[in-house]
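Shown below: target_34.cif, with mmCIF, C-alpha atoms.
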data_my_file
loop_
_atom_site.label_atom_id
_atom_site.label_comp_id
_atom_site.auth_asym_id
_atom_site.auth_seq_id
_atom_site.Cartn_x
_atom_site.Cartn_y
_atom_site.Cartn_z
CA MET A 58 -15.10 40.73 19.92
CA ASN A 59 -18.34 40.12 21.81
CA ILE A 60 -20.24 40.75 18.57
CA HIS A 61 -18.09 38.29 16.57
CA SER A 62 -18.35 35.58 19.23
CA SER A 63 -22.08 36.11 19.71
CA ARG A 64 -24.35 33.08 19.79
CA TYR A 65 -27.08 35.18 18.18
CA LYS A 66 -26.17 34.44 14.57
CA CYS A 67 -28.49 34.81 11.58
CA THR A 68 -28.80 31.52 9.71
CA GLU A 69 -29.64 33.35 6.47
CA CYS A 70 -26.64 35.66 6.02
CA GLY A 71 -24.29 34.83 8.92
CA ILE A 72 -24.40 38.25 10.56
CA CYS A 73 -24.02 38.22 14.38
CA CYS A 74 -26.22 40.25 16.72
CA GLN A 75 -25.65 41.34 20.30
CA SER A 76 -28.97 40.02 21.65
CA ASN A 77 -31.86 37.77 20.73
CA ARG A 78 -34.04 40.88 20.32
CA ASP A 79 -31.58 42.33 17.78
CA LEU A 80 -31.56 39.01 15.92
CA THR A 81 -35.37 38.95 15.79
CA VAL A 82 -35.43 42.45 14.32
CA HIS A 83 -32.65 41.57 11.82
CA ARG A 84 -34.55 38.50 10.55
CA ARG A 85 -37.34 40.78 9.38
CA ILE A 86 -34.98 41.89 6.58
CA HIS A 87 -35.17 38.37 5.12
CA SER A 88 -38.85 37.68 5.88
CA GLY A 89 -40.13 41.07 4.76
CA GLU A 90 -42.13 41.40 7.99
CA LYS A 91 -43.09 44.99 8.89
CA PRO A 92 -45.28 44.93 12.01
CA PHE A 93 -45.27 48.67 12.75
CA GLU A 94 -47.70 50.80 10.71
CA CYS A 95 -47.95 54.57 10.45
CA THR A 96 -51.47 55.67 11.43
CA ILE A 97 -51.35 58.61 9.02
CA CYS A 98 -50.05 57.20 5.70
CA SER A 99 -50.21 53.40 6.42
CA LYS A 100 -46.54 52.92 5.53
CA ARG A 101 -45.05 49.97 7.42
CA PHE A 102 -41.68 49.51 9.18
CA THR A 103 -39.58 46.75 10.72
CA THR A 104 -39.01 48.46 14.10
CA SER A 105 -40.87 50.90 16.33
CA ARG A 106 -37.81 53.20 16.37
CA VAL A 107 -37.92 53.61 12.59
CA LEU A 108 -41.66 54.28 12.81
CA VAL A 109 -41.05 57.02 15.41
CA ASN A 110 -38.44 58.63 13.12
CA HIS A 111 -40.85 58.42 10.17
CA SER A 112 -43.74 59.97 12.17
CA ARG A 113 -41.71 63.18 12.47
CA ILE A 114 -42.24 63.71 8.74
CA HIS A 115 -45.93 64.25 9.48
CA SER A 116 -45.54 66.13 12.80
CA GLY A 117 -42.59 68.30 11.79
CA GLU A 118 -40.94 67.55 15.14
CA LYS A 119 -37.17 68.18 15.31
CA PRO A 120 -35.97 67.16 18.78
CA TYR A 121 -32.23 67.06 18.01
CA LYS A 122 -30.83 70.59 18.34
CA CYS A 123 -27.32 71.79 17.61
CA HIS A 124 -25.75 73.52 20.63
CA GLU A 125 -23.51 75.60 18.33
CA CYS A 126 -26.22 77.16 16.14
CA ASP A 127 -30.01 77.30 15.84
CA LYS A 128 -30.43 74.32 13.53
CA ALA A 129 -32.59 71.35 14.58
CA PHE A 130 -33.05 67.88 13.08
CA SER A 131 -35.61 65.08 13.15
CA GLN A 132 -32.96 62.33 13.48
CA SER A 133 -29.84 62.07 15.62
CA ALA A 134 -27.76 60.86 12.66
CA ASN A 135 -28.50 64.09 10.80
CA LEU A 136 -27.36 66.11 13.81
CA SER A 137 -24.13 64.09 14.00
CA ASN A 138 -23.44 64.80 10.33
CA HIS A 139 -24.18 68.49 10.86
CA MET A 140 -21.78 68.77 13.83
CA ARG A 141 -18.85 68.10 11.49
CA VAL A 142 -19.43 71.62 10.13
CA HIS A 143 -18.43 72.98 13.55
CA THR A 144 -15.79 70.41 14.52
CA GLY A 145 -14.10 70.19 11.10
CA ASP A 146 -14.08 66.38 11.36
CA LYS A 147 -13.60 64.63 7.99
CA PRO A 148 -13.77 60.85 8.58
CA TYR A 149 -14.04 59.75 4.92
CA LYS A 150 -10.76 59.47 2.98
CA CYS A 151 -10.30 58.99 -0.75
CA SER A 152 -8.25 55.84 -1.39
CA LEU A 153 -6.74 57.38 -4.55
CA CYS A 154 -5.44 60.75 -3.32
CA ASN A 155 -6.02 60.69 0.49
CA GLU A 156 -8.19 63.82 0.44
CA ARG A 157 -10.71 63.75 3.30
CA PHE A 158 -14.44 64.58 3.38
CA ARG A 159 -17.21 65.14 5.91
CA HIS A 160 -19.79 62.90 4.20
CA THR A 161 -19.76 59.78 2.01
CA SER A 162 -21.75 61.66 -0.66
CA ASN A 163 -18.95 64.25 -0.88
CA LEU A 164 -16.40 61.45 -1.26
CA GLN A 165 -18.33 59.73 -4.06
CA ASN A 166 -18.83 63.05 -5.90
CA HIS A 167 -15.09 63.70 -5.57
CA LYS A 168 -14.24 60.31 -7.09
CA GLY A 169 -16.43 61.01 -10.08
CA ARG A 170 -15.36 64.63 -10.60
CA VAL A 171 -11.59 64.33 -9.92
CA HIS A 172 -10.76 60.71 -10.71
CA GLY A 173 -13.35 60.05 -13.41
CA ILE A 174 -15.01 57.17 -11.57
CA SER A 175 -18.60 57.35 -12.81
CA LYS A 176 -19.76 54.29 -10.85
CA PRO A 177 -18.13 54.36 -7.41
CA TYR A 178 -20.57 51.98 -5.65
CA GLU A 179 -19.51 48.32 -5.89
CA CYS A 180 -21.64 45.26 -5.13
CA PRO A 181 -19.92 43.13 -2.44
CA TYR A 182 -21.36 39.94 -3.98
CA CYS A 183 -20.53 40.20 -7.68
CA GLY A 184 -18.44 43.37 -8.07
CA LYS A 185 -20.93 45.16 -10.34
CA LEU A 186 -20.61 48.97 -10.18
CA PHE A 187 -23.38 51.56 -9.80
CA LYS A 188 -23.70 55.34 -10.04
CA THR A 189 -25.71 55.74 -6.82
CA ASN A 190 -26.02 53.96 -3.50
CA ALA A 191 -29.78 53.63 -4.04
CA ARG A 192 -29.22 51.61 -7.23
CA LEU A 193 -26.70 49.41 -5.42
CA LYS A 194 -29.19 48.70 -2.62
CA ARG A 195 -31.84 47.66 -5.15
CA HIS A 196 -29.34 45.41 -6.93
CA VAL A 197 -28.22 43.66 -3.72
CA ARG A 198 -31.76 42.30 -3.28
CA ILE A 199 -30.96 39.93 -6.17
CA HIS A 200 -28.26 38.29 -4.05
CA THR A 201 -29.95 38.41 -0.63
CA GLY A 202 -33.50 37.62 -1.72
CA ALA A 203 -34.80 40.52 0.41
CA LYS A 204 -38.46 41.43 -0.17
CA PRO A 205 -39.02 44.91 1.32
CA HIS A 206 -42.35 45.60 -0.43
CA SER A 207 -45.21 44.08 1.59
CA CYS A 208 -48.90 43.94 0.75
CA ARG A 209 -51.18 45.88 3.13
CA TYR A 210 -53.98 43.34 2.65
CA CYS A 211 -52.17 40.01 3.01
CA SER A 212 -48.83 38.53 4.05
CA ASP A 213 -47.27 38.50 0.55
CA CYS A 214 -43.96 40.36 0.11
CA PHE A 215 -42.09 41.31 -3.05
CA THR A 216 -38.57 42.20 -4.16
CA TRP A 217 -39.63 45.02 -6.51
CA HIS A 218 -42.27 47.73 -6.21
CA HIS A 219 -43.78 46.93 -9.61
CA GLN A 220 -44.38 43.33 -8.44
CA LEU A 221 -46.38 44.68 -5.50
CA GLN A 222 -48.40 46.94 -7.81
CA THR A 223 -49.21 43.99 -10.07
CA HIS A 224 -50.22 41.90 -7.04
CA LEU A 225 -52.49 44.69 -5.70
CA LEU A 226 -54.17 44.96 -9.08
CA LYS A 227 -54.70 41.23 -9.68
CA SER A 228 -55.40 40.04 -6.12
CA HIS A 229 -57.05 43.04 -4.46
CA ASP A 230 -58.37 45.07 -7.41
CA GLU A 231 -56.41 48.16 -6.37
CA GLY A 232 -54.75 50.49 -8.86
CA THR A 233 -55.18 51.45 -12.51
CA SER A 234 -55.10 48.68 -15.08
CA LEU A 235 -54.04 48.73 -18.73
CA THR A 236 -55.75 46.14 -20.94
CA CYS A 237 -54.37 44.32 -23.97
CA ASN A 238 -56.77 44.86 -26.90
CA ILE A 239 -55.97 41.38 -28.23
CA CYS A 240 -56.43 39.03 -25.25
CA ARG A 241 -57.84 41.47 -22.63
CA LYS A 242 -55.06 40.67 -20.16
CA LYS A 243 -54.50 43.47 -17.63
CA PHE A 244 -51.22 45.17 -16.70
CA SER A 245 -50.19 47.76 -14.12
CA HIS A 246 -47.40 49.31 -16.25
CA SER A 247 -47.46 50.60 -19.84
CA GLY A 248 -44.00 49.10 -20.49
CA SER A 249 -45.24 45.62 -19.57
CA LEU A 250 -48.24 46.05 -21.88
CA LYS A 251 -46.04 47.16 -24.80
CA THR A 252 -43.78 44.13 -24.35
CA HIS A 253 -46.82 41.85 -24.13
CA ILE A 254 -48.21 43.20 -27.42
CA LEU A 255 -44.84 42.57 -29.10
CA ARG A 256 -45.19 38.90 -28.12
CA HIS A 257 -48.60 38.76 -29.82
CA LYS A 258 -47.09 40.23 -32.97
CA GLY A 259 -44.04 37.97 -32.80
CA VAL A 260 -41.69 40.95 -32.90
CA LYS A 261 -38.26 40.11 -31.44
CA PRO A 262 -35.78 42.87 -32.33
CA TYR A 263 -32.99 41.78 -29.95
CA VAL A 264 -30.69 39.13 -31.46
CA CYS A 265 -28.04 37.16 -29.57
CA SER A 266 -24.56 37.51 -31.07
CA GLU A 267 -23.62 33.98 -29.97
CA CYS A 268 -26.63 32.01 -31.24
CA PRO A 269 -29.76 32.51 -33.42
CA MET A 270 -32.11 33.23 -30.50
CA ARG A 271 -34.13 36.46 -30.56
CA PHE A 272 -35.91 38.38 -27.77
CA CYS A 273 -38.59 41.02 -27.24
CA THR A 274 -36.63 43.09 -24.72
CA GLY A 275 -33.04 44.06 -24.02
CA ASN A 276 -33.29 42.65 -20.50
CA GLU A 277 -34.21 39.24 -21.87
CA LEU A 278 -31.23 39.34 -24.22
CA ARG A 279 -28.85 40.37 -21.41
CA SER A 280 -30.11 37.55 -19.18
CA HIS A 281 -29.75 35.06 -22.03
CA SER A 282 -26.19 36.24 -22.80
CA LEU A 283 -25.11 35.03 -19.36
CA SER A 284 -25.82 31.46 -20.46
CA HIS A 285 -22.89 31.75 -22.90
CA SER A 286 -20.55 32.93 -20.13
CA ASP A 287 -18.84 30.91 -17.41
CA VAL A 288 -19.15 33.79 -14.94
CA LYS A 289 -21.66 33.30 -12.11
CA HIS A 290 -22.63 36.75 -10.83
CA PHE A 291 -25.58 35.88 -8.60
CA CYS A 292 -25.01 34.56 -5.08
CA CYS A 293 -27.60 32.99 -2.75
CA GLY A 294 -27.67 34.98 0.48
CA SER A 295 -28.63 31.86 2.44
CA CYS A 296 -26.06 29.23 1.42
CA GLY A 297 -23.51 31.16 -0.67
CA LYS A 298 -24.03 29.16 -3.88
CA TYR A 299 -23.49 31.09 -7.14
CA PHE A 300 -25.64 31.10 -10.31
CA LYS A 301 -25.43 32.50 -13.81
CA LEU A 302 -28.99 33.82 -13.99
CA LYS A 303 -30.94 36.13 -11.66
CA LEU A 304 -34.07 33.99 -12.01
CA SER A 305 -32.10 30.89 -11.02
CA VAL A 306 -30.78 32.42 -7.80
CA MET A 307 -34.20 33.83 -6.87
CA THR A 308 -35.89 30.46 -7.41
CA HIS A 309 -33.11 28.70 -5.49
CA PHE A 310 -33.21 31.21 -2.62
CA ASN A 311 -36.93 30.72 -2.04
CA ARG A 312 -36.39 26.96 -1.83
CA CYS A 313 -33.21 27.29 0.23
CA TYR A 314 -34.84 29.77 2.63
CA GLY A 315 -37.89 27.53 3.02
CA ASP A 316 -35.75 24.50 3.91
CA SER A 317 -33.75 26.34 6.58
#

How does the structure come out when it is put into structure tokens?
Amino acid sequence: MNIHSSRYKCTECGICCQSNRDLTVHRRIHSGEKPFECTICSKRFTTSRVLVNHSRIHSGEKPYKCHECDKAFSQSANLSNHMRVHTGDKPYKCSLCNERFRHTSNLQNHKGRVHGISKPYECPYCGKLFKTNARLKRHVRIHTGAKPHSCRYCSDCFTWHHQLQTHLLKSHDEGTSLTCNICRKKFSHSGSLKTHILRHKGVKPYVCSECPMRFCTGNELRSHSLSHSDVKHFCCGSCGKYFKLKLSVMTHFNRCYGDS
């Protein structure tokens, strides 16, 4: 109840924190700020605790030891998961058959294998389903506007890794470039170059079934198809307003976030 009644509330997503320090750390999710840098691989993190956990990858340190067997772990959460082997605890229950499991991954595999649910991970914003939790996390960025990929040279942050790679190439001359033989424009991905060349040639193999419009890529066609639907899948993580198109919600979120 103290958490729900907390005065430390995020103005972007409404989540409540127990202290001002926790709120400051939480806001880095929205801003993309990562002030803690690994001295070995230069990877950046939002908190010093996460950096300490990451540093154990390089040092091989495993300070969390099981008192039942000889196994050791680099993170306390991994030890907690391991202890269920000894205690027999199964906290995750299938909502379809009530069978219980030690880990969420076991539960999701069970749903797919026994109940035929191939996409058990559901987006809390639009209800879209995904095969893996990693794909769901990437998708949720569309709704929240999160930009976890930050440039090591400047303050720019990006939603997707390929956007960061393009930025590094164009702004800081880092990375391998692919050049269009028609206009000499440079790209960081072969797929982007292929699509670009199709535009030069005027090739648009994807046709809308609702209108005469044609597109170079399947993604462009899928985005366009939403304009014929009344369903608004994309939600602004700042104000809660819904939009038909991903580009619309991303443009709106940047403006909405800047005004707050």

Worksheet item: Near His219 (chain A), counting only C-alpha atoms, which residues have an atom at most 12 Å away, once you skip same-chain residues fewer than 2 positions from it, shown as a ChimeraX atom specification?
Response: /A:206-208,214-217,221-226,232,244-249

Which residues come within 12 Å of Asn238 (chain A), counting all atoms listed in the file, excluding same-chain residues fewer than 5 positions away, as a PDB file with C-alpha atoms, in the frame of the given file?
ATOM      1  CA  LYS A 243     -54.500  43.470 -17.630  1.00  0.00           C
ATOM      2  CA  PHE A 244     -51.220  45.170 -16.700  1.00  0.00           C
ATOM      3  CA  LEU A 250     -48.240  46.050 -21.880  1.00  0.00           C
ATOM      4  CA  LYS A 251     -46.040  47.160 -24.800  1.00  0.00           C
ATOM      5  CA  HIS A 253     -46.820  41.850 -24.130  1.00  0.00           C
ATOM      6  CA  ILE A 254     -48.210  43.200 -27.420  1.00  0.00           C
ATOM      7  CA  HIS A 257     -48.600  38.760 -29.820  1.00  0.00           C
TER       8      HIS A 257
END

Practice prompt. For Phe291 (chain A), list every protein, DNA or RNA residue within 9 Å, evaluated using only C-alpha atoms, and leave out those in the same chain fewer than 6 positions away; present the list as a list in words.
Written response: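 Contacts, in chain order: Tyr182, Cys183, Ile199, His200, Lys298, Tyr299, Phe300, Lys301, Leu302, Lys303, Ser305 and Val306 of chain A.
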
Please produce a file of the residues just selected, as a PDB file, in the frame of the given file, where the atoms kept are C-alpha atoms.
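Generated output (out-v6.pdb):
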ATOM      1  CA  TYR A 182     -21.360  39.940  -3.980  1.00  0.00           C
ATOM      2  CA  CYS A 183     -20.530  40.200  -7.680  1.00  0.00           C
ATOM      3  CA  ILE A 199     -30.960  39.930  -6.170  1.00  0.00           C
ATOM      4  CA  HIS A 200     -28.260  38.290  -4.050  1.00  0.00           C
ATOM      5  CA  LYS A 298     -24.030  29.160  -3.880  1.00  0.00           C
ATOM      6  CA  TYR A 299     -23.490  31.090  -7.140  1.00  0.00           C
ATOM      7  CA  PHE A 300     -25.640  31.100 -10.310  1.00  0.00           C
ATOM      8  CA  LYS A 301     -25.430  32.500 -13.810  1.00  0.00           C
ATOM      9  CA  LEU A 302     -28.990  33.820 -13.990  1.00  0.00           C
ATOM     10  CA  LYS A 303     -30.940  36.130 -11.660  1.00  0.00           C
ATOM     11  CA  SER A 305     -32.100  30.890 -11.020  1.00  0.00           C
ATOM     12  CA  VAL A 306     -30.780  32.420  -7.800  1.00  0.00           C
TER      13      VAL A 306
END

Closest atom pairs, residues of region 98-158 of chain A within 9 Å of region 87-94 of chain A, all atoms listed in the file, as a tab-separated table:
residue	atom	partner	partner_atom	distance
A:Cys98	CA	A:Glu94	CA	8.5
A:Ser99	CA	A:Glu94	CA	5.6
A:Lys100	CA	A:Glu94	CA	5.7
A:Arg101	CA	A:Glu94	CA	4.3
A:Phe102	CA	A:Lys91	CA	4.7
A:Thr103	CA	A:Lys91	CA	4.3
A:Thr104	CA	A:Phe93	CA	6.4
A:Ser105	CA	A:Phe93	CA	6.1
A:Val107	CA	A:Phe93	CA	8.9
A:Leu108	CA	A:Phe93	CA	6.7

Practice prompt. Between A:Cys240, A:Val197, A:Ile97, A:Cys74, single out the one closest to Gly184 (chain A), counting all atoms listed in the file.
Written response: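 Closest residue, counting all atoms listed in the file: A:Val197.
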
Fill in: Residue members of the PyMOL selection byres ((chain A and resi 124-135) around 12) in the file shown, as an NGL selection string
:A and (106-123 or 136-144 or 160)

Residue subset to file, keeping C-alpha atoms, as a PDB file, in the coordinates of the input:
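Result file part09.pdb:
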ATOM      1  CA  ARG A 106     -37.810  53.200  16.370  1.00  0.00           C
ATOM      2  CA  VAL A 107     -37.920  53.610  12.590  1.00  0.00           C
ATOM      3  CA  LEU A 108     -41.660  54.280  12.810  1.00  0.00           C
ATOM      4  CA  VAL A 109     -41.050  57.020  15.410  1.00  0.00           C
ATOM      5  CA  ASN A 110     -38.440  58.630  13.120  1.00  0.00           C
ATOM      6  CA  HIS A 111     -40.850  58.420  10.170  1.00  0.00           C
ATOM      7  CA  SER A 112     -43.740  59.970  12.170  1.00  0.00           C
ATOM      8  CA  ARG A 113     -41.710  63.180  12.470  1.00  0.00           C
ATOM      9  CA  ILE A 114     -42.240  63.710   8.740  1.00  0.00           C
ATOM     10  CA  HIS A 115     -45.930  64.250   9.480  1.00  0.00           C
ATOM     11  CA  SER A 116     -45.540  66.130  12.800  1.00  0.00           C
ATOM     12  CA  GLY A 117     -42.590  68.300  11.790  1.00  0.00           C
ATOM     13  CA  GLU A 118     -40.940  67.550  15.140  1.00  0.00           C
ATOM     14  CA  LYS A 119     -37.170  68.180  15.310  1.00  0.00           C
ATOM     15  CA  PRO A 120     -35.970  67.160  18.780  1.00  0.00           C
ATOM     16  CA  TYR A 121     -32.230  67.060  18.010  1.00  0.00           C
ATOM     17  CA  LYS A 122     -30.830  70.590  18.340  1.00  0.00           C
ATOM     18  CA  CYS A 123     -27.320  71.790  17.610  1.00  0.00           C
ATOM     19  CA  LEU A 136     -27.360  66.110  13.810  1.00  0.00           C
ATOM     20  CA  SER A 137     -24.130  64.090  14.000  1.00  0.00           C
ATOM     21  CA  ASN A 138     -23.440  64.800  10.330  1.00  0.00           C
ATOM     22  CA  HIS A 139     -24.180  68.490  10.860  1.00  0.00           C
ATOM     23  CA  MET A 140     -21.780  68.770  13.830  1.00  0.00           C
ATOM     24  CA  ARG A 141     -18.850  68.100  11.490  1.00  0.00           C
ATOM     25  CA  VAL A 142     -19.430  71.620  10.130  1.00  0.00           C
ATOM     26  CA  HIS A 143     -18.430  72.980  13.550  1.00  0.00           C
ATOM     27  CA  THR A 144     -15.790  70.410  14.520  1.00  0.00           C
ATOM     28  CA  HIS A 160     -19.790  62.900   4.200  1.00  0.00           C
TER      29      HIS A 160
END

Worksheet item: If you count only C-alpha atoms, which residues fall within 12 Å of Glu156 (chain A), apart from same-chain ones fewer than 6 positions away, as JSON, numbers by chain?
Response: {"A": [147, 148, 149, 150, 163, 164, 165, 167, 168, 171, 172]}

Worksheet item: How many Å lie between CA of Thr189 (chain A) and CA of Cys73 (chain A), rounded to one decimal?
Response: 27.6 Å

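Among the candidates A:Pro177, A:Ala203, A:Val260, A:Cys268, the one nearest to Cys293 (chain A) when counting only C-alpha atoms is A:Ala203.
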
Worksheet entry | Point-to-point distance in Å for CA of Arg159 (chain A) and CA of Gly145 (chain A) | 7.9 Å

Applied to this file, what does the PyMOL selection byres ((chain A and resi 267) around 12) return in terms of residues, put as a PDB file with C-alpha atoms, keeping the file's coordinate frame?
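The resulting expr-v9.pdb:
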ATOM      1  CA  VAL A 264     -30.690  39.130 -31.460  1.00  0.00           C
ATOM      2  CA  CYS A 265     -28.040  37.160 -29.570  1.00  0.00           C
ATOM      3  CA  SER A 266     -24.560  37.510 -31.070  1.00  0.00           C
ATOM      4  CA  CYS A 268     -26.630  32.010 -31.240  1.00  0.00           C
ATOM      5  CA  PRO A 269     -29.760  32.510 -33.420  1.00  0.00           C
ATOM      6  CA  MET A 270     -32.110  33.230 -30.500  1.00  0.00           C
ATOM      7  CA  ARG A 271     -34.130  36.460 -30.560  1.00  0.00           C
ATOM      8  CA  LEU A 278     -31.230  39.340 -24.220  1.00  0.00           C
ATOM      9  CA  ARG A 279     -28.850  40.370 -21.410  1.00  0.00           C
ATOM     10  CA  HIS A 281     -29.750  35.060 -22.030  1.00  0.00           C
ATOM     11  CA  SER A 282     -26.190  36.240 -22.800  1.00  0.00           C
ATOM     12  CA  LEU A 283     -25.110  35.030 -19.360  1.00  0.00           C
ATOM     13  CA  SER A 284     -25.820  31.460 -20.460  1.00  0.00           C
ATOM     14  CA  HIS A 285     -22.890  31.750 -22.900  1.00  0.00           C
ATOM     15  CA  SER A 286     -20.550  32.930 -20.130  1.00  0.00           C
TER      16      SER A 286
END

Worksheet item: Given the choices A:Ser228, A:Thr81, A:Asn166, A:Gln75, which gets closest to Arg209 (chain A) if the distance is worked out from all atoms listed in the file?
Response: A:Ser228

Discussion item. One number please: CA of Thr308 (chain A) to CA of Arg256 (chain A), in Å, one decimal.
Written reply: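 Between CA of Thr308 (chain A) and CA of Arg256 (chain A) the gap works out to 24.2 Å.
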
Discussion item. Applying 8 Å and all atoms listed in the file, which residues near Pro262 (chain A) remain after dropping the ones on its own chain fewer than 3 positions away? List them as a PyMOL selection string.
Written reply: chain A and resi 271-274

Worksheet entry | From A:Ala191, A:Gly173, A:Lys204, A:Cys154, residue lying nearest Ile86 (chain A) [only C-alpha atoms] |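 Smallest separation from Ile86 (chain A) among the options: A:Lys204.
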
Using the partial input, fill out region 185-204 of chain A with N, CA and C atoms; write the result as an mmCIF file, keeping the file's coordinate frame.
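Below you can see part.cif, which holds the result:
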data_model
loop_
_atom_site.group_PDB
_atom_site.id
_atom_site.type_symbol
_atom_site.label_atom_id
_atom_site.label_comp_id
_atom_site.auth_asym_id
_atom_site.auth_seq_id
_atom_site.Cartn_x
_atom_site.Cartn_y
_atom_site.Cartn_z
ATOM 1 N N LYS A 185 -20.315 44.240 -9.393
ATOM 2 C CA LYS A 185 -20.930 45.160 -10.340
ATOM 3 C C LYS A 185 -20.942 46.570 -9.762
ATOM 4 N N LEU A 186 -20.727 47.578 -10.621
ATOM 5 C CA LEU A 186 -20.610 48.970 -10.180
ATOM 6 C C LEU A 186 -21.884 49.760 -10.496
ATOM 7 N N PHE A 187 -22.179 50.753 -9.640
ATOM 8 C CA PHE A 187 -23.380 51.560 -9.800
ATOM 9 C C PHE A 187 -23.073 53.034 -9.563
ATOM 10 N N LYS A 188 -23.890 53.896 -10.174
ATOM 11 C CA LYS A 188 -23.700 55.340 -10.040
ATOM 12 C C LYS A 188 -24.138 55.851 -8.677
ATOM 13 N N THR A 189 -25.179 55.259 -8.104
ATOM 14 C CA THR A 189 -25.710 55.740 -6.820
ATOM 15 C C THR A 189 -25.842 54.595 -5.834
ATOM 16 N N ASN A 190 -25.853 54.955 -4.558
ATOM 17 C CA ASN A 190 -26.020 53.960 -3.500
ATOM 18 C C ASN A 190 -27.411 53.346 -3.541
ATOM 19 N N ALA A 191 -28.415 54.134 -3.951
ATOM 20 C CA ALA A 191 -29.780 53.630 -4.040
ATOM 21 C C ALA A 191 -29.887 52.500 -5.064
ATOM 22 N N ARG A 192 -29.198 52.662 -6.207
ATOM 23 C CA ARG A 192 -29.220 51.610 -7.230
ATOM 24 C C ARG A 192 -28.498 50.364 -6.735
ATOM 25 N N LEU A 193 -27.419 50.548 -5.978
ATOM 26 C CA LEU A 193 -26.700 49.410 -5.420
ATOM 27 C C LEU A 193 -27.597 48.634 -4.452
ATOM 28 N N LYS A 194 -28.312 49.355 -3.588
ATOM 29 C CA LYS A 194 -29.190 48.700 -2.620
ATOM 30 C C LYS A 194 -30.271 47.875 -3.317
ATOM 31 N N ARG A 195 -30.826 48.418 -4.399
ATOM 32 C CA ARG A 195 -31.840 47.660 -5.150
ATOM 33 C C ARG A 195 -31.234 46.409 -5.772
ATOM 34 N N HIS A 196 -30.015 46.538 -6.301
ATOM 35 C CA HIS A 196 -29.340 45.410 -6.930
ATOM 36 C C HIS A 196 -29.036 44.294 -5.935
ATOM 37 N N VAL A 197 -28.615 44.654 -4.722
ATOM 38 C CA VAL A 197 -28.220 43.660 -3.720
ATOM 39 C C VAL A 197 -29.360 42.714 -3.366
ATOM 40 N N ARG A 198 -30.617 43.169 -3.554
ATOM 41 C CA ARG A 198 -31.760 42.300 -3.280
ATOM 42 C C ARG A 198 -31.720 41.025 -4.124
ATOM 43 N N ILE A 199 -31.088 41.114 -5.315
ATOM 44 C CA ILE A 199 -30.960 39.930 -6.170
ATOM 45 C C ILE A 199 -30.172 38.847 -5.460
ATOM 46 N N HIS A 200 -29.129 39.244 -4.746
ATOM 47 C CA HIS A 200 -28.260 38.290 -4.050
ATOM 48 C C HIS A 200 -28.853 37.832 -2.720
ATOM 49 N N THR A 201 -29.470 38.736 -1.969
ATOM 50 C CA THR A 201 -29.950 38.410 -0.630
ATOM 51 C C THR A 201 -31.357 37.827 -0.617
ATOM 52 N N GLY A 202 -32.117 38.085 -1.699
ATOM 53 C CA GLY A 202 -33.500 37.620 -1.720
ATOM 54 C C GLY A 202 -34.427 38.464 -0.872
ATOM 55 N N ALA A 203 -33.985 39.649 -0.441
ATOM 56 C CA ALA A 203 -34.800 40.520 0.410
ATOM 57 C C ALA A 203 -36.066 40.956 -0.339
ATOM 58 N N LYS A 204 -37.177 41.026 0.402
ATOM 59 C CA LYS A 204 -38.460 41.430 -0.170
ATOM 60 C C LYS A 204 -39.053 42.555 0.684
#
